[in-house]
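One file, structure_5.cif, carrying mmCIF, C-alpha atoms and all ligand atoms:
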data_data
loop_
_atom_site.label_atom_id
_atom_site.label_comp_id
_atom_site.auth_asym_id
_atom_site.auth_seq_id
_atom_site.Cartn_x
_atom_site.Cartn_y
_atom_site.Cartn_z
CA MET C 1302 106.01 13.67 -0.30
CA PRO C 1303 107.77 14.17 -3.64
CA ALA C 1304 105.56 15.22 -6.53
CA ASP C 1305 106.15 12.01 -8.47
CA ILE C 1306 104.30 9.89 -5.93
CA ALA C 1307 101.25 12.13 -5.82
CA PRO C 1308 99.45 9.54 -7.91
CA GLY C 1309 95.97 8.12 -7.54
CA ASN C 1310 96.30 7.04 -11.14
CA VAL C 1311 94.77 3.67 -10.41
CA ALA C 1312 91.58 5.23 -9.07
CA GLN C 1313 91.58 8.07 -11.52
CA LEU C 1314 91.49 5.72 -14.45
CA GLN C 1315 88.66 3.76 -12.98
CA GLN C 1316 86.15 6.56 -13.20
CA THR C 1317 85.42 8.95 -16.00
CA PRO C 1318 84.77 12.51 -14.89
CA ASP C 1319 81.36 13.76 -15.98
CA SER C 1320 82.37 17.39 -16.16
CA ALA C 1321 85.48 19.20 -17.34
CA ASP C 1322 85.29 21.54 -14.36
CA PRO C 1323 87.73 20.20 -11.73
CA VAL C 1324 86.69 20.25 -8.07
CA VAL C 1325 90.19 20.36 -6.55
CA VAL C 1326 93.35 21.60 -8.25
CA PHE C 1327 96.80 21.75 -6.62
CA GLU C 1328 99.46 23.47 -8.71
CA ASP C 1329 103.10 23.39 -7.61
CA VAL C 1330 102.18 23.53 -3.94
CA SER C 1331 105.03 23.64 -1.44
CA ILE C 1332 105.10 24.09 2.31
CA THR C 1333 107.96 24.05 4.81
CA PHE C 1334 107.63 23.91 8.59
CA ASP C 1335 110.60 25.48 10.37
CA ILE C 1336 113.32 24.24 8.04
CA LYS C 1337 111.64 20.97 7.10
CA PRO C 1338 110.15 20.84 3.59
CA VAL C 1339 106.95 18.80 3.98
CA LEU C 1340 105.34 19.15 0.54
CA GLN C 1341 107.36 20.07 -2.52
CA ASN C 1342 105.80 21.09 -5.84
CA ILE C 1343 102.69 18.97 -5.47
CA SER C 1344 100.31 19.12 -8.43
CA PHE C 1345 97.17 17.08 -8.98
CA THR C 1346 93.54 17.47 -9.99
CA VAL C 1347 90.35 15.89 -8.69
CA HIS C 1348 87.58 15.95 -11.30
CA ARG C 1349 83.88 15.98 -10.57
CA GLY C 1350 82.58 12.54 -9.65
CA GLU C 1351 86.08 11.14 -9.27
CA THR C 1352 87.58 9.37 -6.28
CA ARG C 1353 91.25 10.29 -6.19
CA ILE C 1354 93.71 8.45 -3.96
CA ILE C 1355 96.99 9.89 -2.83
CA LEU C 1356 99.48 7.58 -1.15
CA GLY C 1357 102.16 8.74 1.24
CA PRO C 1358 104.20 7.42 4.17
CA ALA C 1359 103.51 8.32 7.81
CA GLY C 1360 104.72 11.85 8.41
CA GLY C 1361 104.77 12.45 4.65
CA GLY C 1362 102.48 15.46 4.75
CA LYS C 1363 99.11 13.80 4.11
CA SER C 1364 97.22 15.61 6.86
CA VAL C 1365 98.99 18.84 5.93
CA LEU C 1366 97.70 18.39 2.37
CA MET C 1367 94.13 17.98 3.69
CA LYS C 1368 94.43 21.12 5.82
CA LEU C 1369 95.67 23.01 2.77
CA ALA C 1370 92.71 21.75 0.74
CA ASN C 1371 90.16 23.24 3.11
CA GLY C 1372 92.12 26.40 3.79
CA LEU C 1373 93.05 25.69 7.41
CA ILE C 1374 96.67 26.45 6.52
CA ARG C 1375 98.21 28.27 3.56
CA PRO C 1376 101.08 27.05 1.37
CA ASP C 1377 104.40 28.89 1.00
CA SER C 1378 103.98 28.78 -2.77
CA GLY C 1379 101.67 27.37 -5.42
CA THR C 1380 97.93 27.65 -5.93
CA ILE C 1381 95.04 25.57 -4.58
CA ARG C 1382 91.61 25.85 -6.16
CA VAL C 1383 88.54 24.19 -4.70
CA PHE C 1384 85.18 24.53 -6.53
CA GLY C 1385 87.04 26.93 -8.84
CA GLU C 1386 88.06 29.31 -6.03
CA ASP C 1387 91.59 30.05 -4.88
CA VAL C 1388 91.58 28.97 -1.23
CA THR C 1389 95.03 30.46 -0.61
CA ARG C 1390 93.57 33.94 -1.02
CA MET C 1391 90.12 33.55 0.50
CA ARG C 1392 88.85 35.46 3.51
CA GLU C 1393 87.83 33.45 6.56
CA THR C 1394 84.11 34.11 5.99
CA ASP C 1395 84.34 32.73 2.45
CA LEU C 1396 86.37 29.75 3.65
CA PHE C 1397 83.58 29.04 6.09
CA LYS C 1398 81.08 28.80 3.23
CA LEU C 1399 83.48 26.65 1.25
CA ARG C 1400 83.96 24.25 4.17
CA ALA C 1401 80.20 23.90 4.48
CA ARG C 1402 80.32 22.11 1.09
CA ILE C 1403 83.06 19.72 2.22
CA GLY C 1404 82.59 16.54 4.27
CA MET C 1405 85.69 15.78 6.28
CA VAL C 1406 86.64 12.36 7.68
CA PHE C 1407 89.49 13.01 10.07
CA GLN C 1408 92.33 10.63 10.76
CA GLU C 1409 91.37 9.97 14.38
CA SER C 1410 87.59 10.19 13.80
CA ALA C 1411 87.59 13.44 15.84
CA LEU C 1412 84.19 12.85 17.46
CA PHE C 1413 83.08 14.97 20.39
CA ASP C 1414 83.34 12.70 23.44
CA SER C 1415 80.67 14.58 25.38
CA LEU C 1416 78.08 14.28 22.60
CA SER C 1417 76.02 11.20 21.76
CA VAL C 1418 76.43 9.54 18.37
CA GLU C 1419 73.20 11.26 17.30
CA ASP C 1420 74.47 14.73 18.24
CA ASN C 1421 77.88 14.05 16.68
CA VAL C 1422 76.33 13.01 13.37
CA ALA C 1423 73.79 15.86 13.47
CA TYR C 1424 76.46 18.44 14.31
CA ARG C 1425 76.38 20.29 11.02
CA LEU C 1426 72.58 20.12 10.78
CA HIS C 1427 72.32 21.65 14.25
CA GLU C 1428 74.70 24.43 13.17
CA ASP C 1429 72.46 25.02 10.16
CA ARG C 1430 69.41 25.04 12.48
CA VAL C 1431 67.71 22.18 10.68
CA PRO C 1432 64.49 21.37 12.62
CA GLU C 1433 64.98 18.54 15.12
CA GLU C 1434 62.54 16.10 13.53
CA GLU C 1435 64.17 16.47 10.12
CA ALA C 1436 67.68 16.26 11.68
CA HIS C 1437 66.75 13.03 13.48
CA LYS C 1438 65.43 11.47 10.28
CA ARG C 1439 68.63 12.32 8.44
CA VAL C 1440 70.83 11.03 11.27
CA VAL C 1441 68.99 7.69 11.14
CA GLU C 1442 69.52 7.54 7.36
CA ALA C 1443 73.23 8.38 7.64
CA LEU C 1444 73.70 5.80 10.40
CA GLN C 1445 71.84 3.20 8.35
CA PHE C 1446 74.25 3.89 5.51
CA VAL C 1447 77.21 2.99 7.77
CA GLU C 1448 75.17 0.16 9.39
CA LEU C 1449 75.30 1.64 12.87
CA GLU C 1450 71.73 2.79 13.50
CA ASN C 1451 71.67 0.84 16.77
CA THR C 1452 74.42 3.07 18.24
CA ILE C 1453 72.41 6.29 17.93
CA ALA C 1454 72.07 6.82 21.69
CA LYS C 1455 75.58 5.70 22.58
CA PHE C 1456 78.64 7.84 23.29
CA PRO C 1457 81.95 7.64 21.36
CA SER C 1458 83.73 6.03 24.35
CA GLU C 1459 81.34 3.05 24.08
CA LEU C 1460 82.34 2.34 20.46
CA SER C 1461 85.29 0.50 18.92
CA GLY C 1462 87.80 2.38 16.76
CA GLY C 1463 86.19 1.07 13.57
CA MET C 1464 82.72 2.09 14.73
CA ARG C 1465 83.94 5.58 15.59
CA ARG C 1466 85.40 5.88 12.10
CA ARG C 1467 82.05 4.82 10.62
CA VAL C 1468 80.24 7.42 12.73
CA SER C 1469 82.65 10.03 11.40
CA ILE C 1470 81.77 8.95 7.84
CA ALA C 1471 78.06 9.33 8.69
CA ARG C 1472 78.81 12.81 10.03
CA ALA C 1473 80.73 13.73 6.87
CA ILE C 1474 78.00 12.62 4.44
CA ILE C 1475 74.92 13.85 6.30
CA ALA C 1476 74.91 17.30 4.71
CA LYS C 1477 75.31 15.77 1.20
CA PRO C 1478 78.67 17.44 0.58
CA ASP C 1479 80.01 18.28 -2.89
CA LEU C 1480 83.44 16.97 -1.86
CA ILE C 1481 84.58 14.44 0.74
CA LEU C 1482 88.10 14.55 2.13
CA TYR C 1483 89.12 11.28 3.76
CA ASP C 1484 92.30 11.77 5.79
CA SER C 1485 93.84 8.33 6.43
CA PRO C 1486 90.43 6.74 7.09
CA THR C 1487 92.05 3.37 7.86
CA GLY C 1488 94.85 4.79 10.02
CA GLY C 1489 95.21 2.94 13.32
CA LEU C 1490 92.71 0.22 12.37
CA ASP C 1491 93.39 -3.50 11.95
CA PRO C 1492 93.33 -4.87 8.38
CA ILE C 1493 89.84 -6.39 8.60
CA THR C 1494 88.25 -3.27 10.06
CA SER C 1495 90.15 -1.21 7.48
CA THR C 1496 88.48 -3.20 4.72
CA THR C 1497 85.02 -2.49 6.18
CA ILE C 1498 85.86 1.24 6.12
CA ILE C 1499 87.05 1.11 2.50
CA ASP C 1500 83.86 -0.82 1.63
CA LEU C 1501 81.89 2.17 2.93
CA VAL C 1502 83.99 4.57 0.86
CA ILE C 1503 83.23 2.39 -2.20
CA LYS C 1504 79.52 2.34 -1.34
CA GLN C 1505 79.44 6.12 -0.96
CA ARG C 1506 81.32 6.50 -4.25
CA ASP C 1507 79.03 4.19 -6.20
CA VAL C 1508 75.71 5.26 -4.65
CA SER C 1509 76.19 9.03 -4.45
CA HIS C 1510 79.14 9.61 -6.84
CA THR C 1511 80.45 12.29 -4.51
CA THR C 1512 83.79 13.73 -5.60
CA SER C 1513 86.33 12.44 -3.10
CA LEU C 1514 89.97 12.76 -2.17
CA LEU C 1515 91.33 9.95 -0.02
CA ILE C 1516 94.78 10.07 1.48
CA THR C 1517 96.32 6.94 2.92
CA HIS C 1518 99.60 5.19 3.70
CA ARG C 1519 98.02 1.79 2.82
CA LEU C 1520 98.53 0.65 -0.75
CA GLN C 1521 95.86 -1.98 -0.05
CA ASP C 1522 93.26 0.82 0.30
CA ALA C 1523 94.02 1.96 -3.23
CA PHE C 1524 93.75 -1.57 -4.63
CA LEU C 1525 90.46 -2.24 -2.84
CA LEU C 1526 88.97 1.01 -4.17
CA ALA C 1527 90.17 0.39 -7.71
CA ARG C 1528 89.14 -3.26 -7.92
CA ASN C 1529 85.73 -3.34 -6.23
CA ARG C 1530 82.34 -1.78 -6.68
CA PHE C 1531 79.05 -1.59 -4.81
CA ASN C 1532 76.21 -3.52 -6.43
CA GLN C 1533 72.96 -1.69 -5.65
CA GLN C 1534 70.84 -4.72 -6.55
CA THR C 1535 72.50 -7.08 -4.09
CA GLY C 1536 73.62 -4.40 -1.63
CA LYS C 1537 77.06 -6.01 -1.62
CA ILE C 1538 80.60 -5.11 -2.58
CA GLU C 1539 81.78 -7.17 -5.55
CA PRO C 1540 84.96 -7.37 -7.65
CA ILE C 1541 84.98 -5.36 -10.87
CA PRO C 1542 85.56 -7.74 -13.81
CA ASN C 1543 89.21 -7.91 -14.98
CA GLY C 1544 90.34 -6.76 -11.55
CA GLY C 1545 89.21 -3.23 -12.36
CA ILE C 1546 91.84 -3.01 -15.07
CA ASP C 1547 90.69 -1.35 -18.26
CA ASP C 1548 92.70 -0.71 -21.42
CA ARG C 1549 93.82 2.74 -20.32
CA LEU C 1550 95.28 1.30 -17.12
CA LYS C 1551 97.04 -1.45 -19.09
CA GLU C 1552 98.62 1.26 -21.23
CA TYR C 1553 99.70 3.14 -18.13
CA LEU C 1554 101.26 0.06 -16.56
CA SER C 1555 103.11 -1.08 -19.68
N1 LIG A 1601 101.58 22.95 12.24
C1 LIG A 1601 102.76 22.30 12.10
N2 LIG A 1601 103.91 22.85 12.55
C2 LIG A 1601 105.11 22.23 12.38
N3 LIG A 1601 105.25 21.02 11.78
C3 LIG A 1601 104.14 20.43 11.31
C4 LIG A 1601 102.82 21.02 11.43
N4 LIG A 1601 101.91 20.21 10.87
C5 LIG A 1601 102.61 19.14 10.41
N5 LIG A 1601 103.93 19.28 10.67
C6 LIG A 1601 104.98 18.32 10.28
O1 LIG A 1601 104.78 17.99 8.92
C7 LIG A 1601 105.08 16.63 8.70
C8 LIG A 1601 103.91 15.93 8.03
O2 LIG A 1601 102.83 15.84 8.95
P1 LIG A 1601 101.43 15.16 8.57
O3 LIG A 1601 100.85 15.84 7.40
O4 LIG A 1601 100.63 15.15 9.82
O5 LIG A 1601 101.88 13.68 8.18
P2 LIG A 1601 100.95 12.44 7.73
O6 LIG A 1601 101.35 12.15 6.32
O7 LIG A 1601 101.32 11.32 8.64
O8 LIG A 1601 99.53 12.86 7.88
C9 LIG A 1601 105.45 16.03 10.06
O9 LIG A 1601 106.87 16.01 10.15
C10 LIG A 1601 104.87 17.01 11.04
O10 LIG A 1601 105.62 17.04 12.21
MG MG A 1602 98.00 12.23 8.94
#
Once you've parsed the file, please lay out its structure as structure tokens.
Amino acid sequence: MPADIAPGNVAQLQQTPDSADPVVVFEDVSITFDIKPVLQNISFTVHRGETRIILGPAGGGKSVLMKLANGLIRPDSGTIRVFGEDVTRMRETDLFKLRARIGMVFQESALFDSLSVEDNVAYRLHEDRVPEEEAHKRVVEALQFVELENTIAKFPSELSGGMRRRVSIARAIIAKPDLILYDSPTGGLDPITSTTIIDLVIKQRDVSHTTSLLITHRLQDAFLLARNRFNQQTGKIEPIPNGGIDDRLKEYLS
């Protein structure tokens, strides 16, 4: 992915950061596997409260970028700061604490097949030894958010691809993360199901204002996120007046 398409400008302009302290900063990040350069001099910033979109083709290094962001792999050069800390230099124990603040929505949902929906969604709460009654209450809330509370006792194999993706969103938001990383959340889904997933991302953005980084190959995802908002009164997704285009975006496009 060349640096000049590491954009997200559409989404970035839509929301004004409420703090000058950035949550994610990539500076000149490069990584090569074997002899293949995958990311070259990537720089971008995700501010607090912002939803940043990065577009890239299949095989363009999107998942690699996500793994770099939560310290699962290290770059060959450049710096990556998350919550103000340099993840390229952190010890594994500190990375563990950092990852506890991040909600991750993986490309293939990555649910545990042998666990029920309830246990999948509660996974992090169980790790944190949250009492069962409290964990159950929060699982129900998270599943209500993704409109899947009736699947609580089911297993991943009984769900459609879109439902599994929604369960993985419930799992990512249950611990009220300070940052959500969405790795190709619409990958492998049909266009209609993809829209329902992006609607959830919009709802999460507009209800909780969680700082988010969303990586996708679908330009449509970026347009949906930039042009629509969640109306808390009606509980529905609605178009933002003027197609989400404000004066700053007009300037950028001209
Ligand atoms: N651990 C790895 N070892 C070697 N090559 C890798 C590794 N991870 C990713 N790659 C390569 O990096 C490129 C980008 O992969 P990826 O980030 O998964 O793409 P996508 O944008 O589709 O998510 C691919 O060519 C992939 O084969
Ligand atoms: Mg990928």
| request: List all protein, DNA and RNA residues that have at least one atom no more than 10 Å from any atom of ligand MG 1602 (chain A), counting all atoms listed in the file, and write them as number ranges by chain. | output: C: 1357-1367, 1407-1409, 1484-1486, 1488, 1516-1518
| Distance query Pro1492 (chain C) at most 10 Å, all atoms listed in the file, self and fewer than 6 positions along chain excluded, as a ChimeraX atom specification | /C:1498,1519,1521-1522
| request: Go ahead and compute the interatomic distance for CA of Val1326 (chain C) and CA of Val1383 (chain C), in Å to one decimal. | output: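 Going from CA of Val1326 (chain C) over to CA of Val1383 (chain C) covers 6.5 Å.
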| Restricting the calculation to all atoms listed in the file, which member of C:Ser1344, C:Thr1487, C:Ser1509, C:Asn1543 is positioned closest to Phe1531 (chain C)? |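 That would be C:Ser1509, the residue with the smallest distance to Phe1531 (chain C).
Take CA of Ala1527 (chain C) and CA of Ile1499 (chain C): the distance between them is 10.7 Å.
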| query | With distances taken over only C-alpha atoms, which of C:Phe1446, C:Phe1413, C:Tyr1424, C:Tyr1553 is nearest to Gln1505 (chain C)? | reply |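 Among the listed residues, the smallest separation from Gln1505 (chain C) belongs to C:Phe1446.
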| C:Leu1369, C:Ile1453, C:Ala1476, C:Met1464: which is nearest Leu1340 (chain C), counting all atoms listed in the file? | C:Leu1369
| said: Ranking C:Asp1420, C:Asp1414, C:Asp1429, C:Glu1328 by minimum distance to Arg1382 (chain C) and counting all atoms listed in the file, which one comes first? | reply: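 Residue with the minimum atom-to-atom distance to Arg1382 (chain C): C:Glu1328.
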| Do you have the CA of Arg1467 (chain C)-CA of Tyr1483 (chain C) distance handy? |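 Calculated distance between CA of Arg1467 (chain C) and CA of Tyr1483 (chain C) is 11.8 Å.
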| So which one's closest to Pro1323 (chain C), C:Gly1385, C:Gly1379, C:Pro1338, C:Pro1542? Using all atoms listed in the file, please. |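 Result for the nearest residue to Pro1323 (chain C): C:Gly1385.
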| query | Smallest atom-to-atom distance to ligand LIG 1601 (chain A): which of C:Thr1380, C:Asn1529, C:Thr1333, C:Asn1451, using all atoms listed in the file? | reply |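 When distances to ligand LIG 1601 (chain A) are compared using all atoms listed in the file, the smallest one comes from C:Thr1333.
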| task | Write out as an MDAnalysis selection string each polymer residue whose atoms come within 12 Å of Ser1415 (chain C), counting only C-alpha atoms; drop sequence neighbours fewer than 5 positions from it. | result | chainID C and resid 1420:1421 1455:1459
Write a file of the selected residues as a PDB file, in the frame of the given file, keeping C-alpha atoms.
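Done, and the output landed in part-v7.pdb:
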ATOM      1  CA  ASP C1420      74.470  14.730  18.240  1.00  0.00           C
ATOM      2  CA  ASN C1421      77.880  14.050  16.680  1.00  0.00           C
ATOM      3  CA  LYS C1455      75.580   5.700  22.580  1.00  0.00           C
ATOM      4  CA  PHE C1456      78.640   7.840  23.290  1.00  0.00           C
ATOM      5  CA  PRO C1457      81.950   7.640  21.360  1.00  0.00           C
ATOM      6  CA  SER C1458      83.730   6.030  24.350  1.00  0.00           C
ATOM      7  CA  GLU C1459      81.340   3.050  24.080  1.00  0.00           C
TER       8      GLU C1459
END
| field | Polymer residues at most 9 Å from (77.0, 9.7, -11.1) by all atoms listed in the file, as a list in words | value | Asp1319, Gly1350, Arg1506, Asp1507, Val1508, Ser1509, His1510 and Thr1511 of chain C
Taking (82.4, 0.0, 5.6) in the file's coordinates as the center, which residues reach within 10 Å of it, counting only C-alpha atoms, put as an mmCIF file with C-alpha atoms, keeping the file's coordinate frame?
data_model
loop_
_atom_site.group_PDB
_atom_site.id
_atom_site.type_symbol
_atom_site.label_atom_id
_atom_site.label_comp_id
_atom_site.auth_asym_id
_atom_site.auth_seq_id
_atom_site.Cartn_x
_atom_site.Cartn_y
_atom_site.Cartn_z
ATOM 1 C CA PHE C 1446 74.250 3.890 5.510
ATOM 2 C CA VAL C 1447 77.210 2.990 7.770
ATOM 3 C CA GLU C 1448 75.170 0.160 9.390
ATOM 4 C CA GLY C 1463 86.190 1.070 13.570
ATOM 5 C CA MET C 1464 82.720 2.090 14.730
ATOM 6 C CA ARG C 1466 85.400 5.880 12.100
ATOM 7 C CA ARG C 1467 82.050 4.820 10.620
ATOM 8 C CA ILE C 1470 81.770 8.950 7.840
ATOM 9 C CA THR C 1494 88.250 -3.270 10.060
ATOM 10 C CA SER C 1495 90.150 -1.210 7.480
ATOM 11 C CA THR C 1496 88.480 -3.200 4.720
ATOM 12 C CA THR C 1497 85.020 -2.490 6.180
ATOM 13 C CA ILE C 1498 85.860 1.240 6.120
ATOM 14 C CA ILE C 1499 87.050 1.110 2.500
ATOM 15 C CA ASP C 1500 83.860 -0.820 1.630
ATOM 16 C CA LEU C 1501 81.890 2.170 2.930
ATOM 17 C CA VAL C 1502 83.990 4.570 0.860
ATOM 18 C CA ILE C 1503 83.230 2.390 -2.200
ATOM 19 C CA LYS C 1504 79.520 2.340 -1.340
ATOM 20 C CA GLN C 1505 79.440 6.120 -0.960
ATOM 21 C CA ILE C 1538 80.600 -5.110 -2.580
#
How big is the axis-aligned box around the listed atoms of ligand LIG 1601 (chain A) once 4 Å is added on each side, and where is its centre? Give both in Å to one decimal, as lines of an AutoDock Vina configuration file.
center_x = 103.2
center_y = 17.1
center_z = 9.4
size_x = 15.3
size_y = 19.6
size_z = 14.2
| message | When you look at Val1440 (chain C) with a cut-off of 10 Å (counting all atoms listed in the file), what residues show up, excluding the ones that are within fewer than 4 positions of it in the same chain? I need them as a VMD selection string. | response | chain C and resid 1418 to 1424 1426 1434 to 1436 1444 to 1446 1450 1453 1471 to 1472 1475 to 1476
Would you fill out region 1402-1431 of chain C with N, CA and C atoms and return it as a short mmCIF file (atom, residue, chain, number, x, y, z; two decimals), in the frame of the given file?
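So part34.cif came out as:
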data_model
loop_
_atom_site.label_atom_id
_atom_site.label_comp_id
_atom_site.auth_asym_id
_atom_site.auth_seq_id
_atom_site.Cartn_x
_atom_site.Cartn_y
_atom_site.Cartn_z
N ARG C 1402 80.57 23.03 2.23
CA ARG C 1402 80.32 22.11 1.09
C ARG C 1402 81.21 20.87 1.14
N ILE C 1403 82.09 20.81 2.14
CA ILE C 1403 83.06 19.72 2.22
C ILE C 1403 82.75 18.81 3.40
N GLY C 1404 82.72 17.50 3.17
CA GLY C 1404 82.59 16.54 4.27
C GLY C 1404 83.97 16.03 4.61
N MET C 1405 84.31 16.11 5.89
CA MET C 1405 85.69 15.78 6.28
C MET C 1405 85.68 14.53 7.17
N VAL C 1406 86.45 13.52 6.80
CA VAL C 1406 86.64 12.36 7.68
C VAL C 1406 88.06 12.46 8.22
N PHE C 1407 88.17 12.77 9.50
CA PHE C 1407 89.49 13.01 10.07
C PHE C 1407 90.18 11.69 10.42
N GLN C 1408 91.49 11.79 10.48
CA GLN C 1408 92.33 10.63 10.76
C GLN C 1408 91.93 9.90 12.04
N GLU C 1409 91.68 10.64 13.10
CA GLU C 1409 91.37 9.97 14.38
C GLU C 1409 89.87 10.03 14.69
N SER C 1410 89.05 10.10 13.67
CA SER C 1410 87.59 10.19 13.80
C SER C 1410 87.13 11.55 14.33
N ALA C 1411 87.87 12.10 15.31
CA ALA C 1411 87.59 13.44 15.84
C ALA C 1411 86.13 13.63 16.23
N LEU C 1412 85.56 12.67 16.95
CA LEU C 1412 84.19 12.85 17.46
C LEU C 1412 84.26 13.63 18.77
N PHE C 1413 83.15 14.28 19.11
CA PHE C 1413 83.08 14.97 20.39
C PHE C 1413 82.67 13.95 21.45
N ASP C 1414 83.58 13.73 22.42
CA ASP C 1414 83.34 12.70 23.44
C ASP C 1414 82.10 12.96 24.29
N SER C 1415 81.79 14.25 24.48
CA SER C 1415 80.67 14.58 25.38
C SER C 1415 79.32 14.54 24.67
N LEU C 1416 79.35 14.32 23.34
CA LEU C 1416 78.08 14.28 22.60
C LEU C 1416 77.74 12.84 22.23
N SER C 1417 76.46 12.53 22.20
CA SER C 1417 76.02 11.20 21.76
C SER C 1417 76.33 11.04 20.27
N VAL C 1418 76.24 9.81 19.80
CA VAL C 1418 76.43 9.54 18.37
C VAL C 1418 75.45 10.41 17.57
N GLU C 1419 74.19 10.45 18.02
CA GLU C 1419 73.20 11.26 17.30
C GLU C 1419 73.64 12.72 17.17
N ASP C 1420 74.09 13.30 18.29
CA ASP C 1420 74.47 14.73 18.24
C ASP C 1420 75.76 14.94 17.46
N ASN C 1421 76.67 13.95 17.50
CA ASN C 1421 77.88 14.05 16.68
C ASN C 1421 77.52 14.08 15.20
N VAL C 1422 76.66 13.13 14.80
CA VAL C 1422 76.33 13.01 13.37
C VAL C 1422 75.51 14.23 12.92
N ALA C 1423 74.67 14.74 13.83
CA ALA C 1423 73.79 15.86 13.47
C ALA C 1423 74.49 17.21 13.59
N TYR C 1424 75.79 17.20 13.96
CA TYR C 1424 76.46 18.44 14.31
C TYR C 1424 76.24 19.56 13.30
N ARG C 1425 76.49 19.25 12.04
CA ARG C 1425 76.38 20.29 11.02
C ARG C 1425 74.92 20.72 10.83
N LEU C 1426 74.00 19.77 10.94
CA LEU C 1426 72.58 20.12 10.78
C LEU C 1426 72.14 21.04 11.90
N HIS C 1427 72.65 20.77 13.13
CA HIS C 1427 72.32 21.65 14.25
C HIS C 1427 72.88 23.06 14.02
N GLU C 1428 74.11 23.11 13.48
CA GLU C 1428 74.70 24.43 13.17
C GLU C 1428 73.86 25.17 12.14
N ASP C 1429 73.30 24.40 11.20
CA ASP C 1429 72.46 25.02 10.16
C ASP C 1429 71.01 25.20 10.62
N ARG C 1430 70.75 24.90 11.88
CA ARG C 1430 69.41 25.04 12.48
C ARG C 1430 68.34 24.27 11.72
N VAL C 1431 68.69 23.08 11.29
CA VAL C 1431 67.71 22.18 10.68
C VAL C 1431 66.76 21.73 11.80
#
